[in-house]
Every structure is written in structure tokens, then in C-alpha cells.
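Just below is one structure, and these are the notes that go with it.
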Amino acid sequence: MFAKRIEQLREREKITQKNLALKLGIARTTYSGYENGAREPDLETLKKIADYFEVSTDFLVGRTDDPNMYFSEEYKKLHNMIDLNKPEDIKKVKLTYKNMELTNEEKMDFLAIAQGIFSARRSLNKTT
């Protein structure tokens, strides 16, 4: 599965094995071994390949068929739903400090501090 996927991704990007190997910092023969199934990359190289193609390592190794699953679905939902102007959104988020989860009251304090910082920066930017 891995060999087939990286070959398809490389061909889609219209990049040669040689040029991709250079970008990844590996020998062309090493990369060629990945595509023909003779070799498997170490974890760092696997991450570099995923980053280059902007896909998840799970997609590369066949754990998902979604090439766009670069971030988890939970992360995507969270990223799309937080509005710092809405306290109800802040209360949905698990915030921690030094491995201790913040209470809703502490989250509101945090939000107030953040809003103060943003307001001060905007005021400074308007005067300069």
C-alpha cells in the first residue's frame, strides 16, 4: 500500500524520484526502494514524505483512504468552531496549564486576559 501511494503522489506532483529524494535528503536508490516495496522508511523519513505531500502518515501506510486527513477530524471540528468572542465556545474546549485542567471560571479569566492583550495591541497599532 505504501509503495503504491507514494508512487501515485509523486506522479501527481510530476516530480522525479531523484528530485524528490533530494528534497527529502535521501539517496535516489533509497527512495526507489520505497516505491518498489524493497525498503521501508524510518519514522522521520515517513514524516518528511507526509509533510511534502501534505497528507497524513496514516494515509501513506494505508490506515485511511482520505488523503486530506492531514489533521484529525476532531481537530478540524475544534478549529472550525472556536470563537473567542463566544464564552460558550471557550467552555467547550479543554484547556490545561501544567497538566491541570482549567475550570470554566479560569477559562473565562484566560479569555479576559487574551482580549485585553488583543485590545492593547490594536490600540498601539492604530496610534503608530
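By order of appearance in the C-alpha cells: chains A, B, ..., then residues from 1 within every chain, and ligands from 1 in the order shown.
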All residues 12 Å or closer to Gly25 (chain A), only C-alpha atoms, same chain fewer than 3 positions away omitted, as an NGL selection string
:A and (17-22 or 28-31 or 44-45 or 48-49 or 52)
Near Ala50 (chain A), within 10 Å and counting only C-alpha atoms, which residues show up once chain neighbours fewer than 5 positions away are dropped, as an MDAnalysis selection string?
chainID A and resid 6 44:45 55:60 67 70
Out of chain A, which residues get helix (DSSP H, G or I) from DSSP, as a CSV table (one decimal) with N, CA, C and O atoms, in the first residue's frame?
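The result, written out as part.csv:
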```csv
chain,number,residue,atom,x,y,z
A,2,PHE,N,1.9,1.3,0.9
A,2,PHE,CA,2.8,2.5,1.0
A,2,PHE,C,3.4,2.8,-0.3
A,2,PHE,O,3.4,3.9,-0.8
A,3,ALA,N,4.0,1.7,-1.0
A,3,ALA,CA,4.8,1.9,-2.2
A,3,ALA,C,3.9,2.5,-3.3
A,3,ALA,O,4.2,3.4,-4.0
A,4,LYS,N,2.7,1.9,-3.4
A,4,LYS,CA,1.7,2.4,-4.4
A,4,LYS,C,1.3,3.9,-4.2
A,4,LYS,O,1.3,4.7,-5.1
A,5,ARG,N,1.1,4.2,-2.9
A,5,ARG,CA,0.6,5.5,-2.6
A,5,ARG,C,1.7,6.6,-2.9
A,5,ARG,O,1.4,7.6,-3.4
A,6,ILE,N,2.9,6.3,-2.5
A,6,ILE,CA,3.9,7.3,-2.7
A,6,ILE,C,4.2,7.5,-4.2
A,6,ILE,O,4.5,8.6,-4.7
A,7,GLU,N,4.1,6.4,-4.9
A,7,GLU,CA,4.3,6.5,-6.4
A,7,GLU,C,3.2,7.4,-7.0
A,7,GLU,O,3.5,8.2,-7.8
A,8,GLN,N,2.0,7.1,-6.6
A,8,GLN,CA,0.9,7.9,-7.2
A,8,GLN,C,1.0,9.4,-6.8
A,8,GLN,O,0.8,10.3,-7.6
A,9,LEU,N,1.4,9.6,-5.5
A,9,LEU,CA,1.5,11.0,-5.1
A,9,LEU,C,2.7,11.7,-5.9
A,9,LEU,O,2.5,12.9,-6.3
A,10,ARG,N,3.8,11.0,-6.0
A,10,ARG,CA,4.9,11.6,-6.7
A,10,ARG,C,4.6,11.9,-8.2
A,10,ARG,O,4.9,13.0,-8.7
A,11,GLU,N,3.9,11.0,-8.8
A,11,GLU,CA,3.5,11.2,-10.2
A,11,GLU,C,2.5,12.3,-10.3
A,11,GLU,O,2.5,13.1,-11.3
A,12,ARG,N,1.6,12.4,-9.4
A,12,ARG,CA,0.6,13.5,-9.4
A,12,ARG,C,1.3,14.9,-9.3
A,12,ARG,O,0.9,15.8,-10.0
A,13,GLU,N,2.4,14.9,-8.5
A,13,GLU,CA,3.1,16.2,-8.4
A,13,GLU,C,4.1,16.4,-9.5
A,13,GLU,O,4.8,17.4,-9.6
A,17,GLN,N,11.9,10.8,-9.1
A,17,GLN,CA,12.4,10.1,-7.9
A,17,GLN,C,13.6,10.9,-7.4
A,17,GLN,O,13.8,11.1,-6.2
A,18,LYS,N,14.5,11.2,-8.3
A,18,LYS,CA,15.7,11.9,-8.0
A,18,LYS,C,15.5,13.2,-7.3
A,18,LYS,O,16.1,13.5,-6.2
A,19,ASN,N,14.6,14.0,-7.8
A,19,ASN,CA,14.3,15.3,-7.2
A,19,ASN,C,13.6,15.2,-5.9
A,19,ASN,O,13.9,16.0,-5.0
A,20,LEU,N,12.7,14.3,-5.8
A,20,LEU,CA,12.0,14.1,-4.5
A,20,LEU,C,13.0,13.6,-3.5
A,20,LEU,O,13.0,14.1,-2.3
A,21,ALA,N,13.9,12.7,-3.8
A,21,ALA,CA,14.9,12.2,-2.9
A,21,ALA,C,15.8,13.3,-2.4
A,21,ALA,O,16.1,13.4,-1.2
A,22,LEU,N,16.1,14.2,-3.3
A,22,LEU,CA,16.9,15.4,-2.9
A,22,LEU,C,16.2,16.2,-1.9
A,22,LEU,O,16.8,16.7,-0.9
A,23,LYS,N,14.9,16.5,-2.1
A,23,LYS,CA,14.1,17.3,-1.2
A,23,LYS,C,14.0,16.6,0.2
A,23,LYS,O,13.9,17.3,1.2
A,24,LEU,N,13.9,15.3,0.2
A,24,LEU,CA,13.8,14.5,1.4
A,24,LEU,C,15.1,14.3,2.1
A,24,LEU,O,15.2,13.8,3.3
A,28,ARG,N,18.6,8.6,-4.1
A,28,ARG,CA,17.5,8.2,-5.0
A,28,ARG,C,17.3,6.7,-5.0
A,28,ARG,O,16.1,6.2,-5.0
A,29,THR,N,18.3,5.9,-4.8
A,29,THR,CA,18.2,4.5,-4.7
A,29,THR,C,17.3,4.1,-3.5
A,29,THR,O,16.6,3.1,-3.5
A,30,THR,N,17.5,4.8,-2.4
A,30,THR,CA,16.7,4.6,-1.2
A,30,THR,C,15.2,4.8,-1.5
A,30,THR,O,14.4,4.0,-1.2
A,31,TYR,N,15.0,6.0,-2.1
A,31,TYR,CA,13.6,6.3,-2.4
A,31,TYR,C,13.0,5.3,-3.4
A,31,TYR,O,11.9,4.9,-3.2
A,32,SER,N,13.8,4.9,-4.4
A,32,SER,CA,13.3,3.9,-5.3
A,32,SER,C,12.9,2.6,-4.6
A,32,SER,O,11.9,2.0,-5.0
A,33,GLY,N,13.7,2.3,-3.6
A,33,GLY,CA,13.4,1.1,-2.8
A,33,GLY,C,12.0,1.2,-2.1
A,33,GLY,O,11.3,0.2,-2.0
A,34,TYR,N,11.7,2.4,-1.7
A,34,TYR,CA,10.4,2.6,-1.1
A,34,TYR,C,9.2,2.4,-2.1
A,34,TYR,O,8.3,1.7,-1.8
A,35,GLU,N,9.4,2.9,-3.3
A,35,GLU,CA,8.4,2.8,-4.3
A,35,GLU,C,8.2,1.3,-4.8
A,35,GLU,O,7.2,0.9,-5.2
A,43,LEU,N,10.8,6.4,10.7
A,43,LEU,CA,9.7,7.3,11.1
A,43,LEU,C,10.0,8.7,10.7
A,43,LEU,O,9.1,9.4,10.2
A,44,GLU,N,11.2,9.2,10.8
A,44,GLU,CA,11.5,10.6,10.4
A,44,GLU,C,11.3,10.8,8.9
A,44,GLU,O,10.7,11.8,8.5
A,45,THR,N,11.7,9.9,8.1
A,45,THR,CA,11.5,10.0,6.7
A,45,THR,C,10.1,9.8,6.3
A,45,THR,O,9.6,10.6,5.4
A,46,LEU,N,9.3,9.0,7.0
A,46,LEU,CA,7.9,8.8,6.7
A,46,LEU,C,7.2,10.2,7.0
A,46,LEU,O,6.4,10.6,6.2
A,47,LYS,N,7.6,10.9,8.0
A,47,LYS,CA,7.0,12.2,8.4
A,47,LYS,C,7.4,13.2,7.3
A,47,LYS,O,6.5,14.0,6.9
A,48,LYS,N,8.6,13.2,6.8
A,48,LYS,CA,9.0,14.1,5.8
A,48,LYS,C,8.2,13.9,4.5
A,48,LYS,O,7.8,14.8,3.8
A,49,ILE,N,8.0,12.6,4.1
A,49,ILE,CA,7.2,12.3,2.9
A,49,ILE,C,5.8,12.8,3.1
A,49,ILE,O,5.2,13.4,2.2
A,50,ALA,N,5.2,12.6,4.3
A,50,ALA,CA,3.8,13.0,4.5
A,50,ALA,C,3.8,14.5,4.5
A,50,ALA,O,2.8,15.1,3.9
A,51,ASP,N,4.7,15.2,5.1
A,51,ASP,CA,4.8,16.7,5.0
A,51,ASP,C,4.9,17.2,3.6
A,51,ASP,O,4.2,18.2,3.2
A,52,TYR,N,5.8,16.6,2.8
A,52,TYR,CA,6.0,17.0,1.5
A,52,TYR,C,4.7,17.0,0.7
A,52,TYR,O,4.3,17.9,0.0
A,53,PHE,N,4.0,15.9,0.8
A,53,PHE,CA,2.7,15.7,0.0
A,53,PHE,C,1.5,16.2,0.7
A,53,PHE,O,0.4,16.2,0.2
A,57,THR,N,0.5,10.5,7.8
A,57,THR,CA,1.2,9.2,7.7
A,57,THR,C,0.2,8.1,7.7
A,57,THR,O,0.5,7.1,7.1
A,58,ASP,N,-0.9,8.2,8.3
A,58,ASP,CA,-1.9,7.2,8.2
A,58,ASP,C,-2.4,6.9,6.8
A,58,ASP,O,-2.6,5.7,6.4
A,59,PHE,N,-2.5,7.9,6.0
A,59,PHE,CA,-2.8,7.7,4.6
A,59,PHE,C,-1.7,7.0,3.9
A,59,PHE,O,-2.0,6.1,3.1
A,60,LEU,N,-0.5,7.4,4.1
A,60,LEU,CA,0.6,6.8,3.4
A,60,LEU,C,0.7,5.3,3.7
A,60,LEU,O,1.0,4.5,2.8
A,73,GLU,N,-10.2,14.5,12.5
A,73,GLU,CA,-11.5,15.1,12.3
A,73,GLU,C,-11.8,16.0,13.6
A,73,GLU,O,-12.4,17.0,13.5
A,74,GLU,N,-11.4,15.5,14.7
A,74,GLU,CA,-11.7,16.2,16.0
A,74,GLU,C,-11.0,17.6,15.9
A,74,GLU,O,-11.6,18.6,16.3
A,75,TYR,N,-9.7,17.6,15.5
A,75,TYR,CA,-9.0,18.9,15.4
A,75,TYR,C,-9.8,19.8,14.4
A,75,TYR,O,-9.9,21.0,14.7
A,76,LYS,N,-10.2,19.3,13.2
A,76,LYS,CA,-10.9,20.1,12.2
A,76,LYS,C,-12.1,20.7,12.8
A,76,LYS,O,-12.4,21.9,12.6
A,77,LYS,N,-12.9,19.9,13.6
A,77,LYS,CA,-14.2,20.4,14.2
A,77,LYS,C,-13.8,21.5,15.2
A,77,LYS,O,-14.5,22.5,15.2
A,78,LEU,N,-12.8,21.3,16.0
A,78,LEU,CA,-12.5,22.2,17.0
A,78,LEU,C,-12.0,23.5,16.4
A,78,LEU,O,-12.3,24.6,16.8
A,79,HIS,N,-11.1,23.4,15.4
A,79,HIS,CA,-10.6,24.5,14.7
A,79,HIS,C,-11.7,25.4,14.1
A,79,HIS,O,-11.6,26.6,14.1
A,80,ASN,N,-12.7,24.7,13.6
A,80,ASN,CA,-13.8,25.5,12.9
A,80,ASN,C,-14.8,26.0,13.9
A,80,ASN,O,-15.7,26.8,13.5
A,81,MET,N,-14.8,25.6,15.1
A,81,MET,CA,-15.9,26.0,16.0
A,81,MET,C,-15.6,27.0,17.1
A,81,MET,O,-16.4,27.6,17.7
A,87,PRO,N,-18.2,33.0,24.9
A,87,PRO,CA,-17.8,32.2,26.1
A,87,PRO,C,-18.2,30.8,26.0
A,87,PRO,O,-17.5,29.9,26.5
A,88,GLU,N,-19.4,30.5,25.4
A,88,GLU,CA,-19.8,29.1,25.3
A,88,GLU,C,-18.9,28.3,24.5
A,88,GLU,O,-18.8,27.1,24.8
A,89,ASP,N,-18.2,28.8,23.5
A,89,ASP,CA,-17.2,28.1,22.8
A,89,ASP,C,-16.0,27.8,23.6
A,89,ASP,O,-15.4,26.7,23.5
A,90,ILE,N,-15.6,28.8,24.4
A,90,ILE,CA,-14.4,28.6,25.2
A,90,ILE,C,-14.7,27.5,26.3
A,90,ILE,O,-13.8,26.7,26.6
A,91,LYS,N,-15.9,27.4,26.8
A,91,LYS,CA,-16.2,26.4,27.8
A,91,LYS,C,-16.2,25.0,27.2
A,91,LYS,O,-16.0,24.0,27.9
A,92,LYS,N,-16.3,24.8,25.9
A,92,LYS,CA,-16.3,23.5,25.3
A,92,LYS,C,-14.9,23.0,25.1
A,92,LYS,O,-14.7,21.8,25.0
A,104,ASN,N,-14.1,26.3,34.2
A,104,ASN,CA,-14.8,27.3,33.3
A,104,ASN,C,-14.5,28.7,33.7
A,104,ASN,O,-14.3,29.6,32.9
A,105,GLU,N,-14.4,29.0,35.0
A,105,GLU,CA,-14.1,30.3,35.6
A,105,GLU,C,-12.7,30.7,35.2
A,105,GLU,O,-12.4,31.8,34.7
A,106,GLU,N,-11.8,29.8,35.3
A,106,GLU,CA,-10.4,30.0,34.9
A,106,GLU,C,-10.3,30.3,33.4
A,106,GLU,O,-9.5,31.1,32.9
A,107,LYS,N,-11.1,29.5,32.6
A,107,LYS,CA,-11.1,29.8,31.2
A,107,LYS,C,-11.6,31.2,30.8
A,107,LYS,O,-11.0,31.8,29.9
A,108,MET,N,-12.6,31.6,31.6
A,108,MET,CA,-13.1,33.0,31.3
A,108,MET,C,-12.0,34.0,31.7
A,108,MET,O,-11.9,35.1,31.0
A,109,ASP,N,-11.3,33.8,32.8
A,109,ASP,CA,-10.2,34.7,33.2
A,109,ASP,C,-9.1,34.7,32.1
A,109,ASP,O,-8.6,35.8,31.7
A,110,PHE,N,-8.8,33.5,31.5
A,110,PHE,CA,-7.8,33.4,30.5
A,110,PHE,C,-8.3,34.2,29.2
A,110,PHE,O,-7.6,35.0,28.6
A,111,LEU,N,-9.6,34.1,28.9
A,111,LEU,CA,-10.2,34.8,27.8
A,111,LEU,C,-10.1,36.3,28.0
A,111,LEU,O,-9.7,37.1,27.1
A,112,ALA,N,-10.4,36.8,29.2
A,112,ALA,CA,-10.4,38.2,29.5
A,112,ALA,C,-8.9,38.7,29.4
A,112,ALA,O,-8.7,39.8,28.8
A,113,ILE,N,-8.0,38.0,29.8
A,113,ILE,CA,-6.6,38.4,29.6
A,113,ILE,C,-6.2,38.5,28.2
A,113,ILE,O,-5.6,39.5,27.7
A,114,ALA,N,-6.6,37.5,27.4
A,114,ALA,CA,-6.3,37.5,26.0
A,114,ALA,C,-7.0,38.6,25.3
A,114,ALA,O,-6.3,39.3,24.4
A,115,GLN,N,-8.2,38.9,25.6
A,115,GLN,CA,-8.9,40.0,25.0
A,115,GLN,C,-8.2,41.3,25.3
A,115,GLN,O,-8.1,42.2,24.5
A,116,GLY,N,-7.7,41.5,26.6
A,116,GLY,CA,-7.0,42.7,27.0
A,116,GLY,C,-5.7,42.9,26.2
A,116,GLY,O,-5.4,44.0,25.7
A,117,ILE,N,-5.0,41.8,25.9
A,117,ILE,CA,-3.8,41.9,25.1
A,117,ILE,C,-4.1,42.3,23.7
A,117,ILE,O,-3.5,43.1,23.1
A,118,PHE,N,-5.1,41.6,23.1
A,118,PHE,CA,-5.5,42.0,21.7
A,118,PHE,C,-6.0,43.4,21.6
A,118,PHE,O,-5.6,44.1,20.7
A,119,SER,N,-6.8,43.9,22.6
A,119,SER,CA,-7.2,45.3,22.6
A,119,SER,C,-6.1,46.2,22.7
A,119,SER,O,-6.0,47.2,21.9
A,120,ALA,N,-5.1,46.0,23.6
A,120,ALA,CA,-4.0,46.8,23.7
A,120,ALA,C,-3.1,46.9,22.4
A,120,ALA,O,-2.7,47.9,22.0
A,121,ARG,N,-2.9,45.7,21.8
A,121,ARG,CA,-2.2,45.7,20.6
A,121,ARG,C,-2.8,46.5,19.5
A,121,ARG,O,-2.2,47.2,18.7
A,122,ARG,N,-4.1,46.3,19.4
A,122,ARG,CA,-4.9,47.1,18.3
A,122,ARG,C,-4.8,48.6,18.6
A,122,ARG,O,-4.6,49.3,17.6
A,123,SER,N,-4.9,49.0,19.8
A,123,SER,CA,-4.8,50.4,20.2
A,123,SER,C,-3.4,50.9,19.8
A,123,SER,O,-3.3,52.0,19.3
A,124,LEU,N,-2.3,50.2,20.1
A,124,LEU,CA,-1.0,50.6,19.8
A,124,LEU,C,-0.8,50.7,18.3
A,124,LEU,O,-0.2,51.6,17.8
A,125,ASN,N,-1.4,49.7,17.6
A,125,ASN,CA,-1.2,49.7,16.1
A,125,ASN,C,-1.9,50.9,15.4
A,125,ASN,O,-1.5,51.4,14.4
A,126,LYS,N,-3.0,51.4,16.0
A,126,LYS,CA,-3.7,52.5,15.5
A,126,LYS,C,-3.0,53.8,15.7
A,126,LYS,O,-3.1,54.7,14.9
A,127,THR,N,-2.2,53.9,16.8
A,127,THR,CA,-1.5,55.1,17.1
A,127,THR,C,-0.2,55.2,16.4
A,127,THR,O,0.4,56.3,16.4
```
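Note that CA of Ala27 (chain A) and CA of Asp66 (chain A) are 28.6 Å apart.
Rounded to one decimal, CA of Gly37 (chain A) and CA of Glu54 (chain A) lie 21.5 Å from each other.
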